[in-house]
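Before any comments, here is the structure.
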There are 2 protein chains.
Amino acid sequence: MPATQAKPTIRVLPEPAGAPSPLPEPAVDQLRLETVLGALSDPLRLRIVRKLLLEREEFDHPCGWLGLDRPKSSLTHHFKALREAGVIRQRQYGLERRSHVRVDDLEARFPGLIDLVAAWTPESDRRSPSGRRK
Amino acid sequence: MPATQAKPTIRVLPEPAGAPSPLPEPAVDQLRLETVLGALSDPLRLRIVRKLLLEREEFDHPCGWLGLDRPKSSLTHHFKALREAGVIRQRQYGLERRSHVRVDDLEARFPGLIDLVAAWTPESDRRSPSGRRK
DNA sequence: ACCAATGTACGAGTTAAGTCGTACTTATAC
DNA sequence: GTATAAGTACGACTTAACTCGTACATTGGT
């Protein structure tokens, strides 16, 4: 009975004591602006990051929590792109892989960038002419 | 909350009287964050914008002024990408097509973004993926 | 008129990125 | 043990982007 690790009942952002180590990611001083901007130039990823930013409580969120209607393999692709660009950090908790935005790191290297993402509005932010198309 | 206060007739640089009208570009309220970030996710374009930002005097700069060692058709491609994303404005002066960054427009819609570009250091592209030599 | 210079348009080849289905791994529950 | 659920890995397909050569247009000068 390995009591090594407690039941992973949701973890907080400030790195908890027994948390698994994050998946491979670039260090803070390795973050590159062009890479981060490229990772954020996709609408779906922008939506992911924004949701992680705005609706974070104090814990990380599993992949399915976001309620995205894409196949799982697509989500894996985008989460990996975000993590490898240094935008999010991911940890494995049992079956789930939970993510959160690397707010402090991004703010240290690219101050103000996170605010832009948080202020982004998914579709055109114009108050559209009530006619919803499609 | 964004946009739609007044018609933003912002003028960036002191325009010479009789200046040609700009080439087709998105209006201020049509700028999309994902598009702008995508335009800035290329190292060469980042270098172009940064140089236009830092070494601007009071006038626009022609394409060849930047001293980029790429074929002209490649430069046309990138300048067009920047203009269509709303990052730069271009005007035709005789033979030359001069460009400048839409500082006020970008600052109004994405405050702080320009500072990130200006602070970017190009030497961090060690394995420049798109910067192939010939 | 001609020529040189600035830059575009078009096209083709190449590369990267997004799309997703399927098979697989792992952890938990039964 | 089996079953289920979360997510990855891999591959194939599609789409977009980058790269550049060449041909063409325009302007200014001679």
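Chain labels A, B, ... are given in the sequence in which chains occur in the structure tokens; within each chain residues are numbered consecutively from 1, and ligands are likewise numbered from 1 in the order shown.
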*Output the contact residues of chain B with respect to chain C at a cut-off of 8 Å, based on only C-alpha atoms (C1' of nucleotides), as JSON, numbers by chain.*
{"B": [72, 73, 76, 95, 96, 97]}
Hey, could you make a per-residue contact list for chain A against chain D with 12 Å as the cut-off, showing the nearest pair of atoms and its distance in Å to one decimal, counting only C-alpha atoms (C1' of nucleotides), sorted by chain and number, as CSV?
residue,atom,partner,partner_atom,distance
A:Pro62,CA,D:DA6,C1',9.1
A:Cys63,CA,D:DG7,C1',8.5
A:Gly64,CA,D:DA6,C1',8.3
A:Trp65,CA,D:DA6,C1',11.3
A:Pro71,CA,D:DG7,C1',11.0
A:Lys72,CA,D:DG7,C1',7.3
A:Ser73,CA,D:DT8,C1',7.8
A:Ser74,CA,D:DT8,C1',10.8
A:Leu75,CA,D:DG7,C1',9.4
A:Thr76,CA,D:DT8,C1',7.4
A:His77,CA,D:DT8,C1',9.6
A:Phe79,CA,D:DG7,C1',11.2
A:Lys80,CA,D:DT8,C1',10.5
A:Gln92,CA,D:DG7,C1',10.1
A:Tyr93,CA,D:DA6,C1',10.4
A:Gly94,CA,D:DA6,C1',9.0
A:Leu95,CA,D:DA6,C1',5.3
A:Glu96,CA,D:DA6,C1',5.7
A:Arg97,CA,D:DG7,C1',7.5
A:Arg98,CA,D:DG7,C1',10.8
Give me, as a compact mmCIF listing (two decimals) with C-alpha atoms, in the first residue's frame, the residues of chain A touching chain B, with the criterion being at most 10 Å (counting only C-alpha atoms).
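The result, stored in out21.txt:
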# COMPACT_ATOMS: atom_id res chain seq x y z
CA GLN A 30 13.74 30.31 -22.41
CA LEU A 31 10.38 31.76 -23.28
CA ARG A 32 10.43 33.31 -26.71
CA LEU A 33 8.06 35.98 -27.72
CA GLU A 34 7.49 34.70 -31.23
CA THR A 35 6.70 31.23 -29.93
CA VAL A 36 4.29 32.47 -27.31
CA LEU A 37 2.56 34.72 -29.79
CA GLY A 38 2.32 31.85 -32.21
CA ALA A 39 0.72 29.68 -29.57
CA LEU A 40 -1.78 32.42 -28.84
CA SER A 41 -2.61 33.13 -32.46
CA ASP A 42 -5.11 30.30 -32.61
CA PRO A 43 -8.69 31.11 -31.59
CA LEU A 44 -9.25 27.82 -29.85
CA ARG A 45 -6.08 28.13 -27.83
CA LEU A 46 -6.89 31.72 -27.05
CA ARG A 109 8.94 38.05 -19.39
CA PHE A 110 6.14 39.71 -21.34
CA PRO A 111 4.36 42.12 -19.03
CA GLY A 112 0.86 42.92 -20.12
CA LEU A 113 0.44 40.04 -22.49
CA ASP A 115 -4.12 41.11 -19.82
CA LEU A 116 -4.58 41.16 -23.55
CA VAL A 117 -5.63 37.54 -23.56
CA ALA A 119 -9.58 40.98 -22.40
CA TRP A 120 -10.02 39.11 -25.64
CA THR A 121 -13.52 38.39 -26.79
CA PRO A 122 -14.07 35.15 -28.65
CA GLU A 123 -16.01 36.27 -31.67
CA SER A 124 -16.17 39.71 -33.02
CA ASP A 125 -16.93 41.84 -30.03
CA ARG A 126 -19.17 44.13 -31.99
CA ARG A 127 -22.66 44.19 -30.66
*Point-to-point distance in Å for atom CA of Ala81 of chain B and atom CA of Val103 of chain A*: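 Atom CA of Ala81 of chain B lies 29.6 Å from atom CA of Val103 of chain A.
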*Residues of segment 77-128 of chain B in alpha helix (DSSP H) according to DSSP, as an MDAnalysis selection string?*
chainID B and resid 77:85 103:109 113:119
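Across the model, the gap from atom CA of Arg56 of chain A to atom CA of Glu107 of chain B is 27.5 Å.
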_When DSSP is applied to the backbone of this structure, which of segment 8-121 of chain B are assigned strand (DSSP E)? Write them out as a list of chain:residue names._
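After running DSSP on the backbone, segment 8-121 of chain B has strand (DSSP E) at B:His61, B:Pro62, B:Ile88, B:Arg89, B:Gln90, B:Arg91, B:Gln92, B:Tyr93, B:Glu96, B:Arg97, B:Arg98, B:Ser99, B:His100, B:Val101.
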